[in-house]
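**Student:** The structure's right below; bear with me while I get my questions together.
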Amino acid sequence: MRIGLDVMGGDFAPEVTVHGAILAQKQLPTEVELVLFGDEQIIRSLCLKYNADAGLFSIVHAPEVIGMGDHPAKAFAQKTKSSIYVGFERLHAGEIDGFASAGSTGAMMVGTMMTVKTIPGILRPAITASIPRMDGGFTILLDVGLNPDCKPEILYQYAILGSLYTEFVYKIPRPRVGLLNIGSEEEKGNLLTKAAFQLMHGSKDFNFVGNVEGNDLFDFKKVDVIVCDGFVGNILLKAAEAFYKLTRKRNINDEFFERFNFENYGGTPVLGVNSNVIIGHGISNEIAIKNMVLHTYDVTKANLPSKIKEFFH
C-alpha cells in the first residue's frame with residue numbers, strides 16, 4: 001500500500017507535515033510506503049532536523065503551493081507543479097492508493113472532481129465528523145460542510161454512505177442511522193427533513209431508526225450515524241469544537257472531553273468518490289497530521305470506494 005501526503009498543505013506546513021509524517025511512519029505497518037509530495041530539499045532538511053532517515057519515504061518533488069487564499073479551480077489548473085496537483089495526478093494514475101492533505105479544502109475538492117471523480121450513481125459526495133460517545137465509540141455525522149443545500153434523495157444517499165463508512169472502517173455491523181431533526185416525531189421538521197424521512201422510513205438499504213435530535217448526539221444506545229445537510233452539520237461540528245476549547249480555557253481536564261480534540265482524528269475521507277481522498281484541518285499540528293495519515297491507512301485498508309461502488313451497482 002502506498003499513501004500520499006501533501007507536505008506543503010496546511011497553516012504550519014511544511015515543518016509540521018514532515019514531522020507528522022515521521023511520527024506516522026513509525027506506527028504504520030512495514031508494508032506501507034509513505035509518499036511525500038513537496039519541495040524535496042525542504043523535506044530532506046526537515047528529516048535531518050528531526051533525526052529521521054529520508055530514505056524511509058518516497059519523495060516526489062512538487063515545489064509549488066496552492067495557498068488557502070488562492071482560487072481553488074484556477075490554482076489547480078495553473079499550478080501543475082503543486083503538491084496537491086501532483087498528488088492527484090499520481091492518485092488518478094494508481095501510483096498511490098490514498099492521498100491526504102491539510103491544505104486548501106477547495107483545491108482538494110476540485111482535484112477530486114477533476115481526477116478521480118464521483119462514483120457513478122452518487123449525487124453528491126460528503127465529508128464526515130466522528131463525534132465521541134460515552135461508550136468509547138463514535139457517532140458519525142454527515143455531511144459537515146461539503147453540501148450546505150441538499151435534496152431529500154441526497155440525504156438518503158448520505159445514510160448509505162455513512163452506514164458503509166461506519167461498518168467497514170469502524171467495524172460496527174448494521175449501524176443505526178438517524179435523521180437529524182427538531183423532534184423525534186415523524187411529522188416534525190422542515191420540508192427537507194419531512195421528505196427525507198418518508199424516503200428513509202422502511203428502507204432496506206440501511207438500518208433507519210427515525211428522527212433524532214441534537215441531544216441524541218452522544219447517546220450510544222440510540223444511533224451510530226446521524227444524517228443532515230452540510231449547513232446544519234458544519235454548525236453542529238463547530239459548536240462541538242468551541243465546547244472543547246471552552247473546557248481547555250477553564251482548565252477542565254477530562255478524558256472524555258479530550259476526545260473532542262480534532263488532533264485525535266486528523267482528517268476525514270471524501271465519501272462517494274472513486275479513490276481514497278482524506279481532507280485535514282488547516283490548523284493541523286504534527287499530531288493531527290500523524291493521525292490523518294493513520295486514518296488514511298484505515299480507510300484505504302477498508303477498500304471503502306470499492307464497497308460503495310458495489311452497493312450502487
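Ordering of the C-alpha cells sets the chain letters (A, B, ...); residue numbers start at 1 within each chain; ligands are numbered from 1 in the order shown.
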Neighbouring residues of Ala126 (chain A) were defined as those with any atom within 8 Å, considering only C-alpha atoms; residues of the same chain fewer than 6 positions away were excluded. Please report them as a ChimeraX atom specification.

**Tutor:** /A:142-144,146-147,158,270-272

**Student:** Could you take the residues named above and write them with N, CA, C and O atoms, as a PDB file, in the first residue's frame?

**Tutor:**
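What landed in result27.pdb:
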```
ATOM      1  N   LEU A 142     -22.797  13.274   9.152  1.00  0.00           N
ATOM      2  CA  LEU A 142     -22.550  13.725   7.788  1.00  0.00           C
ATOM      3  C   LEU A 142     -23.832  14.288   7.175  1.00  0.00           C
ATOM      4  O   LEU A 142     -24.917  13.863   7.573  1.00  0.00           O
ATOM      5  N   ASP A 143     -23.661  15.292   6.345  1.00  0.00           N
ATOM      6  CA  ASP A 143     -22.473  15.959   5.867  1.00  0.00           C
ATOM      7  C   ASP A 143     -22.117  17.084   6.853  1.00  0.00           C
ATOM      8  O   ASP A 143     -22.989  17.609   7.533  1.00  0.00           O
ATOM      9  N   VAL A 144     -20.831  17.481   6.886  1.00  0.00           N
ATOM     10  CA  VAL A 144     -20.429  18.526   7.820  1.00  0.00           C
ATOM     11  C   VAL A 144     -19.834  19.737   7.104  1.00  0.00           C
ATOM     12  O   VAL A 144     -18.982  20.424   7.645  1.00  0.00           O
ATOM     13  N   LEU A 146     -19.691  20.049   3.160  1.00  0.00           N
ATOM     14  CA  LEU A 146     -19.435  19.982   1.720  1.00  0.00           C
ATOM     15  C   LEU A 146     -20.635  20.466   0.911  1.00  0.00           C
ATOM     16  O   LEU A 146     -20.475  21.151  -0.102  1.00  0.00           O
ATOM     17  N   ASN A 147     -21.843  20.132   1.366  1.00  0.00           N
ATOM     18  CA  ASN A 147     -23.062  20.486   0.630  1.00  0.00           C
ATOM     19  C   ASN A 147     -24.077  21.156   1.560  1.00  0.00           C
ATOM     20  O   ASN A 147     -24.877  20.477   2.197  1.00  0.00           O
ATOM     21  N   TYR A 158     -26.665   9.906   1.742  1.00  0.00           N
ATOM     22  CA  TYR A 158     -25.753  10.119   2.867  1.00  0.00           C
ATOM     23  C   TYR A 158     -25.930   9.016   3.908  1.00  0.00           C
ATOM     24  O   TYR A 158     -24.960   8.586   4.534  1.00  0.00           O
ATOM     25  N   VAL A 270     -13.399  11.850   1.848  1.00  0.00           N
ATOM     26  CA  VAL A 270     -14.478  12.299   0.971  1.00  0.00           C
ATOM     27  C   VAL A 270     -15.214  11.038   0.537  1.00  0.00           C
ATOM     28  O   VAL A 270     -14.659  10.205  -0.189  1.00  0.00           O
ATOM     29  N   LEU A 271     -16.448  10.884   0.984  1.00  0.00           N
ATOM     30  CA  LEU A 271     -17.218   9.680   0.693  1.00  0.00           C
ATOM     31  C   LEU A 271     -17.977   9.823  -0.620  1.00  0.00           C
ATOM     32  O   LEU A 271     -18.602  10.854  -0.864  1.00  0.00           O
ATOM     33  N   GLY A 272     -17.909   8.786  -1.450  1.00  0.00           N
ATOM     34  CA  GLY A 272     -18.656   8.792  -2.697  1.00  0.00           C
ATOM     35  C   GLY A 272     -17.817   9.058  -3.925  1.00  0.00           C
ATOM     36  O   GLY A 272     -18.354   9.259  -5.017  1.00  0.00           O
TER      37      GLY A 272
END
```

**Student:** Just want the 12 Å neighbourhood of region 51-55 of chain A, counted on only C-alpha atoms, with same-chain residues fewer than 2 positions away dropped. Output as a ChimeraX atom specification.

**Tutor:** /A:18-26,33-36,40-49,57-59

**Student:** Next, dump the selected residues to file, keeping only N, CA, C and O atoms, as a short mmCIF file (atom, residue, chain, number, x, y, z; two decimals), in the first residue's frame.

**Tutor:**
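Written file, result.cif:
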```
data_model
loop_
_atom_site.label_atom_id
_atom_site.label_comp_id
_atom_site.auth_asym_id
_atom_site.auth_seq_id
_atom_site.Cartn_x
_atom_site.Cartn_y
_atom_site.Cartn_z
N VAL A 18 5.94 17.35 7.70
CA VAL A 18 7.07 16.41 7.66
C VAL A 18 7.23 15.74 9.02
O VAL A 18 7.41 14.52 9.11
N HIS A 19 7.13 16.52 10.09
CA HIS A 19 7.22 15.95 11.43
C HIS A 19 6.11 14.92 11.66
O HIS A 19 6.34 13.83 12.19
N GLY A 20 4.89 15.26 11.23
CA GLY A 20 3.77 14.33 11.35
C GLY A 20 3.98 13.07 10.55
O GLY A 20 3.63 11.96 10.98
N ALA A 21 4.58 13.20 9.37
CA ALA A 21 4.87 12.03 8.53
C ALA A 21 5.88 11.12 9.22
O ALA A 21 5.75 9.89 9.18
N ILE A 22 6.88 11.71 9.87
CA ILE A 22 7.89 10.93 10.59
C ILE A 22 7.24 10.15 11.73
O ILE A 22 7.51 8.96 11.94
N LEU A 23 6.33 10.82 12.45
CA LEU A 23 5.62 10.16 13.56
C LEU A 23 4.72 9.03 13.05
O LEU A 23 4.65 7.95 13.64
N ALA A 24 4.03 9.29 11.92
CA ALA A 24 3.13 8.28 11.36
C ALA A 24 3.90 7.08 10.84
O ALA A 24 3.48 5.92 11.01
N GLN A 25 5.05 7.33 10.21
CA GLN A 25 5.84 6.25 9.63
C GLN A 25 6.24 5.22 10.68
O GLN A 25 6.30 4.01 10.42
N LYS A 26 6.45 5.68 11.91
CA LYS A 26 6.84 4.77 13.00
C LYS A 26 5.70 3.85 13.42
O LYS A 26 5.94 2.79 14.00
N GLU A 33 4.08 2.15 2.32
CA GLU A 33 5.06 3.15 1.88
C GLU A 33 4.42 4.53 1.92
O GLU A 33 3.34 4.74 1.36
N LEU A 34 5.08 5.47 2.58
CA LEU A 34 4.57 6.84 2.69
C LEU A 34 5.26 7.69 1.62
O LEU A 34 6.50 7.79 1.58
N VAL A 35 4.45 8.29 0.76
CA VAL A 35 4.97 9.10 -0.35
C VAL A 35 4.71 10.57 -0.04
O VAL A 35 3.57 10.98 0.15
N LEU A 36 5.78 11.36 0.03
CA LEU A 36 5.68 12.77 0.39
C LEU A 36 5.75 13.64 -0.86
O LEU A 36 6.70 13.54 -1.65
N GLU A 40 11.54 18.83 -2.40
CA GLU A 40 12.41 17.75 -1.95
C GLU A 40 13.52 18.23 -1.02
O GLU A 40 13.81 17.58 0.00
N GLN A 41 14.12 19.37 -1.33
CA GLN A 41 15.21 19.88 -0.49
C GLN A 41 14.72 20.20 0.92
O GLN A 41 15.38 19.87 1.91
N ILE A 42 13.53 20.81 1.00
CA ILE A 42 12.97 21.15 2.31
C ILE A 42 12.64 19.87 3.08
O ILE A 42 12.90 19.78 4.29
N ILE A 43 12.06 18.90 2.40
CA ILE A 43 11.70 17.63 3.06
C ILE A 43 12.94 16.97 3.64
O ILE A 43 12.95 16.53 4.80
N ARG A 44 14.01 16.91 2.85
CA ARG A 44 15.23 16.26 3.32
C ARG A 44 15.87 17.01 4.49
O ARG A 44 16.37 16.38 5.45
N SER A 45 15.83 18.33 4.45
CA SER A 45 16.42 19.11 5.54
C SER A 45 15.61 18.97 6.83
O SER A 45 16.19 18.91 7.93
N LEU A 46 14.29 18.86 6.70
CA LEU A 46 13.46 18.67 7.89
C LEU A 46 13.62 17.26 8.46
O LEU A 46 13.58 17.08 9.68
N CYS A 47 13.79 16.28 7.60
CA CYS A 47 14.08 14.92 8.08
C CYS A 47 15.37 14.93 8.90
O CYS A 47 15.45 14.29 9.97
N LEU A 48 16.35 15.66 8.40
CA LEU A 48 17.63 15.77 9.11
C LEU A 48 17.43 16.44 10.47
O LEU A 48 17.99 16.00 11.48
N LYS A 49 16.60 17.48 10.49
CA LYS A 49 16.33 18.20 11.74
C LYS A 49 15.71 17.30 12.79
O LYS A 49 16.04 17.41 13.98
N PHE A 57 11.12 7.29 3.18
CA PHE A 57 9.98 7.82 2.42
C PHE A 57 10.31 7.83 0.93
O PHE A 57 11.47 7.88 0.53
N SER A 58 9.25 7.82 0.12
CA SER A 58 9.40 8.17 -1.29
C SER A 58 9.07 9.65 -1.39
O SER A 58 8.05 10.11 -0.86
N ILE A 59 9.93 10.40 -2.04
CA ILE A 59 9.75 11.85 -2.14
C ILE A 59 9.50 12.22 -3.60
O ILE A 59 10.29 11.87 -4.48
#
```

**Student:** May I have the residues within 10 Å of region 231-234 of chain A as a JSON list (two decimals) with N, CA and C atoms, in the first residue's frame, using only C-alpha atoms and disregarding those fewer than 5 positions away in the same chain?

**Tutor:**
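File around.json, as written:
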```
[["chain", "number", "residue", "atom", "x", "y", "z"],
["A", 127, "ILE", "N", -18.57, 14.69, 3.45],
["A", 127, "ILE", "CA", -17.50, 14.53, 4.43],
["A", 127, "ILE", "C", -18.14, 14.35, 5.80],
["A", 128, "THR", "N", -17.43, 13.68, 6.69],
["A", 128, "THR", "CA", -18.00, 13.30, 7.97],
["A", 128, "THR", "C", -17.23, 13.91, 9.14],
["A", 129, "ALA", "N", -17.81, 13.77, 10.32],
["A", 129, "ALA", "CA", -17.12, 14.05, 11.58],
["A", 129, "ALA", "C", -17.39, 12.89, 12.52],
["A", 141, "LEU", "N", -21.26, 11.74, 11.90],
["A", 141, "LEU", "CA", -22.14, 12.83, 11.46],
["A", 141, "LEU", "C", -21.79, 13.22, 10.04],
["A", 142, "LEU", "N", -22.80, 13.27, 9.15],
["A", 142, "LEU", "CA", -22.55, 13.72, 7.79],
["A", 142, "LEU", "C", -23.83, 14.29, 7.17],
["A", 143, "ASP", "N", -23.66, 15.29, 6.34],
["A", 143, "ASP", "CA", -22.47, 15.96, 5.87],
["A", 143, "ASP", "C", -22.12, 17.08, 6.85],
["A", 144, "VAL", "N", -20.83, 17.48, 6.89],
["A", 144, "VAL", "CA", -20.43, 18.53, 7.82],
["A", 144, "VAL", "C", -19.83, 19.74, 7.10],
["A", 145, "GLY", "N", -20.30, 20.00, 5.88],
["A", 145, "GLY", "CA", -19.88, 21.24, 5.25],
["A", 145, "GLY", "C", -19.69, 21.22, 3.76],
["A", 146, "LEU", "N", -19.69, 20.05, 3.16],
["A", 146, "LEU", "CA", -19.43, 19.98, 1.72],
["A", 146, "LEU", "C", -20.63, 20.47, 0.91],
["A", 147, "ASN", "N", -21.84, 20.13, 1.37],
["A", 147, "ASN", "CA", -23.06, 20.49, 0.63],
["A", 147, "ASN", "C", -24.08, 21.16, 1.56],
["A", 148, "PRO", "N", -24.05, 22.48, 1.63],
["A", 148, "PRO", "CA", -24.98, 23.17, 2.54],
["A", 148, "PRO", "C", -26.44, 23.10, 2.10],
["A", 149, "ASP", "N", -26.68, 22.87, 0.82],
["A", 149, "ASP", "CA", -28.05, 22.75, 0.32],
["A", 149, "ASP", "C", -28.24, 21.34, -0.24],
["A", 150, "CYS", "N", -29.23, 20.64, 0.28],
["A", 150, "CYS", "CA", -29.45, 19.25, -0.12],
["A", 150, "CYS", "C", -30.91, 19.00, -0.49],
["A", 180, "LEU", "N", -31.25, 13.86, 11.53],
["A", 180, "LEU", "CA", -31.24, 14.96, 12.49],
["A", 180, "LEU", "C", -32.44, 15.87, 12.26],
["A", 226, "ILE", "N", -25.61, 9.86, 12.07],
["A", 226, "ILE", "CA", -26.61, 10.93, 12.01],
["A", 226, "ILE", "C", -26.45, 11.67, 10.69],
["A", 239, "ALA", "N", -19.74, 23.97, 16.79],
["A", 239, "ALA", "CA", -20.19, 24.15, 18.17],
["A", 239, "ALA", "C", -19.49, 23.17, 19.10],
["A", 240, "ALA", "N", -19.31, 21.93, 18.63],
["A", 240, "ALA", "CA", -18.60, 20.92, 19.43],
["A", 240, "ALA", "C", -17.14, 21.32, 19.62]]
```

**Student:** For region 215-221 of chain A, work out the shell of residues within 8 Å, counting only C-alpha atoms and skipping chain neighbours fewer than 4 positions away, then give it as an NGL selection string.

**Tutor:** :A and (131-135 or 137 or 139 or 226)

**Student:** I need the residues from that last selection saved to file as a PDB file, in the first residue's frame (with N, CA and C atoms), if you can.

**Tutor:**
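Below is the file out.pdb, written as the result:
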```
ATOM      1  N   ILE A 131     -17.986  11.968  16.193  1.00  0.00           N
ATOM      2  CA  ILE A 131     -18.377  12.591  17.455  1.00  0.00           C
ATOM      3  C   ILE A 131     -18.193  11.574  18.582  1.00  0.00           C
ATOM      4  N   PRO A 132     -17.366  11.884  19.582  1.00  0.00           N
ATOM      5  CA  PRO A 132     -17.127  10.928  20.675  1.00  0.00           C
ATOM      6  C   PRO A 132     -18.395  10.616  21.464  1.00  0.00           C
ATOM      7  N   ARG A 133     -18.466   9.358  21.957  1.00  0.00           N
ATOM      8  CA  ARG A 133     -19.599   8.922  22.770  1.00  0.00           C
ATOM      9  C   ARG A 133     -19.100   8.386  24.107  1.00  0.00           C
ATOM     10  N   MET A 134     -20.004   8.302  25.055  1.00  0.00           N
ATOM     11  CA  MET A 134     -19.636   7.881  26.401  1.00  0.00           C
ATOM     12  C   MET A 134     -19.181   6.423  26.471  1.00  0.00           C
ATOM     13  N   ASP A 135     -19.549   5.616  25.464  1.00  0.00           N
ATOM     14  CA  ASP A 135     -19.152   4.207  25.488  1.00  0.00           C
ATOM     15  C   ASP A 135     -17.759   3.983  24.902  1.00  0.00           C
ATOM     16  N   GLY A 137     -16.932   4.815  21.816  1.00  0.00           N
ATOM     17  CA  GLY A 137     -17.032   4.788  20.367  1.00  0.00           C
ATOM     18  C   GLY A 137     -17.314   6.162  19.781  1.00  0.00           C
ATOM     19  N   THR A 139     -20.112   8.520  17.099  1.00  0.00           N
ATOM     20  CA  THR A 139     -21.262   8.707  16.226  1.00  0.00           C
ATOM     21  C   THR A 139     -20.759   9.428  14.982  1.00  0.00           C
ATOM     22  N   ILE A 226     -25.610   9.858  12.069  1.00  0.00           N
ATOM     23  CA  ILE A 226     -26.611  10.929  12.009  1.00  0.00           C
ATOM     24  C   ILE A 226     -26.453  11.672  10.692  1.00  0.00           C
TER      25      ILE A 226
END
```

**Student:** With only C-alpha atoms counted and 8 Å as the cut-off, give the residues of region 24-105 of chain A in contact with region 291-309 of chain A, each with its shortest interatomic distance in Å and the pair that gives it, as a tab-separated table.

**Tutor:**
```
residue	atom	partner	partner_atom	distance
A:Ala24	CA	A:Val293	CA	6.5
A:Gln27	CA	A:Leu294	CA	8.0
A:Leu28	CA	A:Leu294	CA	7.1
A:Asp97	CA	A:Thr300	CA	6.8
A:Gly98	CA	A:Thr300	CA	6.3
A:Phe99	CA	A:Thr296	CA	7.5
A:Ala100	CA	A:Val293	CA	6.8
```

**Student:** Pull all heavy atoms from the residues just selected and write them as a PDB file, in the first residue's frame.

**Tutor:**
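So selection-v4.pdb came out as:
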```pdb
ATOM      1  N   ALA A  24       4.033   9.290  11.923  1.00  0.00           N
ATOM      2  CA  ALA A  24       3.133   8.278  11.356  1.00  0.00           C
ATOM      3  C   ALA A  24       3.903   7.076  10.844  1.00  0.00           C
ATOM      4  O   ALA A  24       3.479   5.922  11.010  1.00  0.00           O
ATOM      5  CB  ALA A  24       2.301   8.887  10.230  1.00  0.00           C
ATOM      6  N   GLN A  27       4.446   4.248  13.111  1.00  0.00           N
ATOM      7  CA  GLN A  27       3.291   3.459  13.541  1.00  0.00           C
ATOM      8  C   GLN A  27       2.647   2.663  12.404  1.00  0.00           C
ATOM      9  O   GLN A  27       1.831   1.786  12.657  1.00  0.00           O
ATOM     10  CB  GLN A  27       2.241   4.379  14.182  1.00  0.00           C
ATOM     11  CG  GLN A  27       2.690   4.993  15.486  1.00  0.00           C
ATOM     12  CD  GLN A  27       1.594   5.796  16.160  1.00  0.00           C
ATOM     13  OE1 GLN A  27       1.812   6.923  16.623  1.00  0.00           O
ATOM     14  NE2 GLN A  27       0.403   5.245  16.238  1.00  0.00           N
ATOM     15  N   LEU A  28       2.997   2.979  11.182  1.00  0.00           N
ATOM     16  CA  LEU A  28       2.422   2.269  10.050  1.00  0.00           C
ATOM     17  C   LEU A  28       3.058   0.887   9.902  1.00  0.00           C
ATOM     18  O   LEU A  28       4.234   0.704  10.234  1.00  0.00           O
ATOM     19  CB  LEU A  28       2.637   3.068   8.756  1.00  0.00           C
ATOM     20  CG  LEU A  28       1.804   4.327   8.572  1.00  0.00           C
ATOM     21  CD1 LEU A  28       2.343   5.144   7.395  1.00  0.00           C
ATOM     22  CD2 LEU A  28       0.326   3.986   8.347  1.00  0.00           C
ATOM     23  N   ASP A  97      -2.324   4.784  -3.339  1.00  0.00           N
ATOM     24  CA  ASP A  97      -3.646   4.222  -3.028  1.00  0.00           C
ATOM     25  C   ASP A  97      -4.534   5.180  -2.256  1.00  0.00           C
ATOM     26  O   ASP A  97      -5.750   4.994  -2.187  1.00  0.00           O
ATOM     27  CB  ASP A  97      -3.475   2.931  -2.225  1.00  0.00           C
ATOM     28  CG  ASP A  97      -2.638   1.910  -2.971  1.00  0.00           C
ATOM     29  OD1 ASP A  97      -3.082   1.475  -4.049  1.00  0.00           O
ATOM     30  OD2 ASP A  97      -1.537   1.573  -2.495  1.00  0.00           O
ATOM     31  N   GLY A  98      -3.944   6.194  -1.654  1.00  0.00           N
ATOM     32  CA  GLY A  98      -4.703   7.198  -0.918  1.00  0.00           C
ATOM     33  C   GLY A  98      -3.910   8.485  -0.876  1.00  0.00           C
ATOM     34  O   GLY A  98      -2.670   8.463  -0.960  1.00  0.00           O
ATOM     35  N   PHE A  99      -4.617   9.615  -0.763  1.00  0.00           N
ATOM     36  CA  PHE A  99      -3.946  10.916  -0.751  1.00  0.00           C
ATOM     37  C   PHE A  99      -4.561  11.789   0.322  1.00  0.00           C
ATOM     38  O   PHE A  99      -5.781  11.947   0.381  1.00  0.00           O
ATOM     39  CB  PHE A  99      -4.070  11.585  -2.124  1.00  0.00           C
ATOM     40  CG  PHE A  99      -3.379  12.923  -2.224  1.00  0.00           C
ATOM     41  CD1 PHE A  99      -2.043  13.066  -1.853  1.00  0.00           C
ATOM     42  CD2 PHE A  99      -4.054  14.047  -2.690  1.00  0.00           C
ATOM     43  CE1 PHE A  99      -1.401  14.291  -1.951  1.00  0.00           C
ATOM     44  CE2 PHE A  99      -3.410  15.266  -2.799  1.00  0.00           C
ATOM     45  CZ  PHE A  99      -2.080  15.398  -2.432  1.00  0.00           C
ATOM     46  N   ALA A 100      -3.706  12.346   1.197  1.00  0.00           N
ATOM     47  CA  ALA A 100      -4.171  13.155   2.327  1.00  0.00           C
ATOM     48  C   ALA A 100      -3.532  14.535   2.298  1.00  0.00           C
ATOM     49  O   ALA A 100      -2.364  14.685   1.918  1.00  0.00           O
ATOM     50  CB  ALA A 100      -3.843  12.459   3.639  1.00  0.00           C
TER      51      ALA A 100
END
```

**Student:** Which residue, A:Val16, A:Val273, A:Arg124, A:Tyr170, has the smallest gap to Ile287 (chain A) when you use only C-alpha atoms?

**Tutor:**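 Using only C-alpha atoms, the shortest distance to Ile287 (chain A) belongs to A:Val16.
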
**Student:** Tell me which protein, DNA and RNA residues are within 12 Å of Thr247 (chain A), counting only C-alpha atoms, leaving out same-chain ones fewer than 3 positions away, and put them as a ChimeraX atom specification.

**Tutor:** /A:240-244,250-261

**Student:** Using only C-alpha atoms, please write the residues we just selected to a file, as a tab-separated table (two decimals), in the first residue's frame.

**Tutor:**
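As written to disk, result.tsv reads:
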```
chain	number	residue	atom	x	y	z
A	240	ALA	CA	-18.60	20.92	19.43
A	241	GLU	CA	-15.13	22.32	18.65
A	242	ALA	CA	-15.99	25.52	20.51
A	243	PHE	CA	-17.18	23.49	23.50
A	244	TYR	CA	-13.83	21.68	23.59
A	250	ARG	CA	-11.48	26.68	32.01
A	251	ASN	CA	-8.74	24.14	32.76
A	252	ILE	CA	-11.17	21.22	32.78
A	253	ASN	CA	-9.12	18.07	32.34
A	254	ASP	CA	-11.42	15.21	31.50
A	255	GLU	CA	-10.67	12.11	29.44
A	256	PHE	CA	-14.00	12.22	27.60
A	257	PHE	CA	-13.81	15.93	26.72
A	258	GLU	CA	-10.24	15.45	25.48
A	259	ARG	CA	-11.64	13.15	22.79
A	260	PHE	CA	-13.18	16.25	21.17
A	261	ASN	CA	-9.69	17.47	20.26
```

**Student:** Pick out the closest residue to Ile283 (chain A) from this set: A:Ile235, A:Ala102, A:Val7, A:Leu91. Count only C-alpha atoms.

**Tutor:** A:Ala102

**Student:** Report the residues of region 156-222 of chain A whose backbone DSSP state falls under helix (DSSP H, G or I), written as a ChimeraX atom specification.

**Tutor:** /A:156-168,191-200,214-216

**Student:** Dump N, CA, C and O atoms for the selected residues as a short mmCIF file (atom, residue, chain, number, x, y, z; two decimals), in the first residue's frame?

**Tutor:**
```
data_model
loop_
_atom_site.label_atom_id
_atom_site.label_comp_id
_atom_site.auth_asym_id
_atom_site.auth_seq_id
_atom_site.Cartn_x
_atom_site.Cartn_y
_atom_site.Cartn_z
N TYR A 156 -30.77 10.74 1.65
CA TYR A 156 -30.95 9.28 1.60
C TYR A 156 -29.62 8.60 1.26
O TYR A 156 -29.24 7.61 1.90
N GLN A 157 -28.91 9.16 0.27
CA GLN A 157 -27.62 8.58 -0.08
C GLN A 157 -26.59 8.78 1.03
O GLN A 157 -25.73 7.91 1.24
N TYR A 158 -26.66 9.91 1.74
CA TYR A 158 -25.75 10.12 2.87
C TYR A 158 -25.93 9.02 3.91
O TYR A 158 -24.96 8.59 4.53
N ALA A 159 -27.17 8.58 4.09
CA ALA A 159 -27.42 7.49 5.04
C ALA A 159 -26.70 6.22 4.61
O ALA A 159 -26.13 5.49 5.43
N ILE A 160 -26.69 5.96 3.30
CA ILE A 160 -25.98 4.79 2.78
C ILE A 160 -24.47 4.95 2.96
O ILE A 160 -23.78 4.05 3.45
N LEU A 161 -23.95 6.11 2.57
CA LEU A 161 -22.51 6.36 2.67
C LEU A 161 -22.03 6.29 4.12
O LEU A 161 -21.01 5.66 4.42
N GLY A 162 -22.78 6.93 5.02
CA GLY A 162 -22.40 6.91 6.43
C GLY A 162 -22.46 5.52 7.01
O GLY A 162 -21.62 5.13 7.84
N SER A 163 -23.45 4.75 6.59
CA SER A 163 -23.60 3.38 7.08
C SER A 163 -22.44 2.51 6.61
O SER A 163 -21.87 1.74 7.40
N LEU A 164 -22.05 2.61 5.35
CA LEU A 164 -20.94 1.82 4.82
C LEU A 164 -19.62 2.21 5.48
O LEU A 164 -18.79 1.36 5.83
N TYR A 165 -19.41 3.50 5.66
CA TYR A 165 -18.19 4.01 6.32
C TYR A 165 -18.09 3.47 7.74
O TYR A 165 -17.04 2.97 8.17
N THR A 166 -19.19 3.53 8.47
CA THR A 166 -19.20 3.08 9.86
C THR A 166 -19.00 1.57 9.95
O THR A 166 -18.28 1.07 10.83
N GLU A 167 -19.58 0.84 9.02
CA GLU A 167 -19.47 -0.61 9.05
C GLU A 167 -18.07 -1.10 8.71
O GLU A 167 -17.51 -1.96 9.41
N PHE A 168 -17.46 -0.53 7.66
CA PHE A 168 -16.21 -1.09 7.17
C PHE A 168 -14.96 -0.44 7.77
O PHE A 168 -13.90 -1.06 7.81
N LEU A 191 -39.39 21.21 5.34
CA LEU A 191 -39.78 20.47 4.14
C LEU A 191 -38.75 19.40 3.76
O LEU A 191 -39.10 18.30 3.33
N LEU A 192 -37.45 19.73 3.95
CA LEU A 192 -36.40 18.79 3.59
C LEU A 192 -36.44 17.54 4.46
O LEU A 192 -36.44 16.41 3.95
N THR A 193 -36.46 17.72 5.77
CA THR A 193 -36.41 16.55 6.65
C THR A 193 -37.70 15.74 6.60
O THR A 193 -37.65 14.51 6.71
N LYS A 194 -38.83 16.39 6.40
CA LYS A 194 -40.08 15.63 6.28
C LYS A 194 -40.05 14.73 5.05
O LYS A 194 -40.44 13.55 5.11
N ALA A 195 -39.58 15.28 3.93
CA ALA A 195 -39.50 14.49 2.69
C ALA A 195 -38.44 13.40 2.81
O ALA A 195 -38.65 12.27 2.34
N ALA A 196 -37.30 13.72 3.45
CA ALA A 196 -36.25 12.72 3.62
C ALA A 196 -36.72 11.59 4.51
O ALA A 196 -36.40 10.42 4.25
N PHE A 197 -37.48 11.91 5.55
CA PHE A 197 -38.00 10.87 6.44
C PHE A 197 -38.85 9.87 5.66
O PHE A 197 -38.74 8.66 5.86
N GLN A 198 -39.71 10.38 4.79
CA GLN A 198 -40.57 9.50 4.01
C GLN A 198 -39.76 8.56 3.11
O GLN A 198 -40.14 7.40 2.90
N LEU A 199 -38.63 9.04 2.58
CA LEU A 199 -37.77 8.20 1.76
C LEU A 199 -37.06 7.14 2.60
O LEU A 199 -36.92 5.98 2.19
N MET A 200 -36.61 7.55 3.78
CA MET A 200 -35.79 6.67 4.62
C MET A 200 -36.63 5.63 5.37
O MET A 200 -36.16 4.52 5.61
N GLY A 214 -30.67 16.90 18.50
CA GLY A 214 -29.30 17.28 18.86
C GLY A 214 -28.83 16.64 20.16
O GLY A 214 -27.65 16.30 20.30
N ASN A 215 -29.75 16.44 21.09
CA ASN A 215 -29.34 15.84 22.36
C ASN A 215 -29.18 14.33 22.29
O ASN A 215 -28.89 13.68 23.29
N ASP A 216 -29.37 13.75 21.10
CA ASP A 216 -29.10 12.32 20.89
C ASP A 216 -27.68 12.09 20.38
O ASP A 216 -27.28 10.93 20.18
#
```

**Student:** By how many Å are CA of Pro120 (chain A) and CA of His313 (chain A) apart?

**Tutor:** 8.6 Å

**Student:** Rounded to one decimal, what separation in Å do you get between CA of Asp39 (chain A) and CA of Ala288 (chain A)?

**Tutor:**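 Going from CA of Asp39 (chain A) over to CA of Ala288 (chain A), I get 21.0 Å.
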
**Student:** Ranking A:Pro125, A:Pro173, A:Gly106, A:Pro152 by minimum distance to Asp70 (chain A) and counting only C-alpha atoms, which one comes first?

**Tutor:**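 Of all the options, A:Gly106 lies closest to Asp70 (chain A).
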
**Student:** Excluding region 62-69 of chain A and its own-chain neighbours fewer than 6 positions away, which residues fall within 7 Å of it when counting only C-alpha atoms? Please give them as a ChimeraX atom specification.

**Tutor:** /A:8,37-39,75,79,81-83,86,104

**Student:** Kindly give the distance, in Å, that separates CA of Leu237 (chain A) and CA of Val277 (chain A), rounded to a single decimal.

**Tutor:**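 These two atoms are separated by 20.3 Å.
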